[in-house]
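Since the structure comes first, as C-alpha cells, the remarks are kept for the end.
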Amino acid sequence: MSKYEFTMGKELDLKVEQEKTLATPCLRSNFILKGMYWTMDFLYGKEVSLPKVKVLEILARYPYWAWEKGGYDGLTGLYARTTDPDRSKVDHCRHYVWLGRYSQDNEELHMLLAEDLIGQKGIELSWLKHYLLPRIMAFVYFCLSHAIFFFSPATSFYMNAAFESHAEHEYMKFAKAHPEWDNEPVESKYFEFYPRQKSLADLLRRIALDERDHMFHSMHEYEKLTGKTITG
C-alpha cells in the first residue's frame with residue numbers, strides 16, 4: 001500500500017493544487033538532469049511555452065519505455081529456462097511492464113494535447129528546433145534511459161522522480177503566468193482519451209498533477225528498492 005496520495009480520477013480544486021505545488025520545492029536533480037534543463041532552456045527559452053512542452057513530453061516517455069523493456073527482459077530471463085519461475089519475481093517484472101506502459105501512454109497523451117493546442121493557436125514550429133533536434137535528443141535519451149535502468153533501476157526511479165517534480169512545477173508556473181487562460185475554454189480531439197477540462201489553465205494544472213502522480217510512482221519504486229526516502 002503506497003503512502004502517496006495519487007490524484008488521477010479524483011475531484012480536486014485545481015487552483016488549490018497549483019498553489020500547493022508552487023509552495024513546495026522541486027526535488028533535487030543530478031548533473032544529467034541539470035544539463036538537460038539547461039539544454040532545453042538554451043534551445044527553447046527559459047519561459048515555458050507549448051512548443052517547449054511538446055519537446056519535453058517527447059522525451060518524458062523514454063524512462064517508462066526502459067522500465068517496460070526491463071520488465072519484459074526480466075520475464076524472458078525467468079521463462080527461458082527449464083524450471084518454473086518464482087511467482088514473486090514474475091510479479092515484480094510484470095509490475096514494471098504495467099507501470100512503464102501506463103506511464104508512457106499518459107505522457108504520450110500530454111504530447112498529443114500539446115500538439116493539438118499548438119495547431120489550434122496557429123503557432124509556427126521550426127523544422128530544426130521542433131523536428132530534427134527532438135529526434136536527436138530522443139535517441140540520446142533513449143540510450144541513456146535504458147542504460148541507467150539496466151545498471152541501476154534505483155537511479156532510474158530517482159532521476160525520474162526529480163524530472164517529474166520539475167515538470168509538475170513547470171506546468172503550474174505556466175498556468176499561473178497566463179491568468180487569462182482561466183477564462184479560455186479548451187477543446188481537443190484527444191479528450192476522447194483524456195479527462196475533459198473546463199479551461200486551458202485547468203488542462204495545464206491537470207497535466208501537472210499527472211506529473212505529480214508519476215513522481216510519486218517513481219519515489220515509491222525507489223523506496224522499495226533502497227529502503228530510503230527521497231526527501232528533496
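Labels for the C-alpha cells follow display order: chains A, B, ..., residues from 1 in each chain, ligands from 1.
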Practice prompt. Extract the full set of alpha helix (DSSP H) residues from range 172-225 of chain A according to DSSP on the backbone, and format it as a ChimeraX atom specification.
Written response: /A:172-176,200-225
Worksheet entry | Neighbour list for Gln197 in chain A as a ChimeraX atom specification, cut-off 8 Å, only C-alpha atoms, skip fewer than 4 positions in-chain | /A:186,202-203
Write the selection just made, keeping C-alpha atoms, as a short mmCIF file (atom, residue, chain, number, x, y, z; two decimals), in the first residue's frame?
data_model
loop_
_atom_site.label_atom_id
_atom_site.label_comp_id
_atom_site.auth_asym_id
_atom_site.auth_seq_id
_atom_site.Cartn_x
_atom_site.Cartn_y
_atom_site.Cartn_z
CA VAL A 186 -10.46 24.30 -24.23
CA ASP A 202 -7.24 23.74 -15.82
CA LEU A 203 -5.87 21.43 -18.51
#
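Picture a line from CA of Tyr141 in chain A to CA of Leu59 in chain A; it runs 6.9 Å.
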Worksheet item: Hey, what's within 9 Å of range 173-179 of chain A if we count only C-alpha atoms and toss same-chain stuff fewer than 5 positions away? As a PyMOL selection string, please?
Response: chain A and resi 18+22+47-49+168+200-205
Discussion item. Please determine, counting only C-alpha atoms, which residue among A:Arg28, A:Lys52, A:Lys15, A:Lys20 has the shortest atom-to-atom distance to Ser126 in chain A.
Written reply: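 Under the stated criterion, the closest residue is A:Lys52.
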Fill in: Neighbour list for Pro51 in chain A as JSON, numbers by chain, cut-off 9 Å, only C-alpha atoms, skip fewer than 3 positions in-chain
{"A": [44, 48, 54, 55, 56, 114, 115, 118, 123, 125, 130]}
Fill in: Spatial neighbours of Asp116 in chain A, 9 Å, only C-alpha atoms, chain gap at least 6 places, as a list in words
Ser188, Lys189 and Tyr190 of chain A
For the residues in that selection, give me C-alpha atoms as a CSV table (one decimal), in the first residue's frame.
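Below is the file that was written, again-v4.csv:
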chain,number,residue,atom,x,y,z
A,188,SER,CA,-9.3,18.8,-28.1
A,189,LYS,CA,-10.0,15.7,-30.2
A,190,TYR,CA,-7.9,13.8,-27.6
Item to complete: Fewer than 3 positions away in the same chain doesn't count, so skip those; otherwise give me all residues within 7 Å of Ala162 in chain A, counting only C-alpha atoms, as number ranges by chain.
Response: A: 27-29, 158-159, 165-166
Atoms kept (C-alpha atoms) for selection, written as a CSV table (one decimal), in the first residue's frame:
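Result file part_35.csv:
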chain,number,residue,atom,x,y,z
A,27,LEU,CA,13.2,17.5,-5.8
A,28,ARG,CA,17.0,17.8,-6.3
A,29,SER,CA,18.2,16.9,-9.8
A,158,TYR,CA,15.2,8.7,-8.5
A,159,MET,CA,16.0,10.6,-11.7
A,165,SER,CA,8.9,17.1,-10.0
A,166,HIS,CA,10.5,19.7,-12.3
Fill in: All residues 12 Å or closer to range 151-157 of chain A, only C-alpha atoms, same chain fewer than 3 positions away omitted, as a PyMOL selection string
chain A and resi 29-30+32-33+62-68+70-71+96+99-100+144-148+160-164+214-230
Worksheet entry | Given only C-alpha atoms as the counted atoms, nearest of A:Arg61, A:Leu112, A:Phe31, A:Phe150 to Gly74 in chain A |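 Using only C-alpha atoms, Gly74 in chain A sits closest to A:Phe150.
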Worksheet item: Just how far from CA of Ile58 in chain A is CA of Tyr131 in chain A, in Å to one decimal?
Response: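 One can read the CA of Tyr131 in chain A to CA of Ile58 in chain A distance as 11.0 Å.
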Worksheet item: Which one of A:Phe42, A:Arg212, A:Phe191, A:Asp13 sits closest to Glu170 in chain A if you count only C-alpha atoms?
Response: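 Closest residue, counting only C-alpha atoms: A:Arg212.
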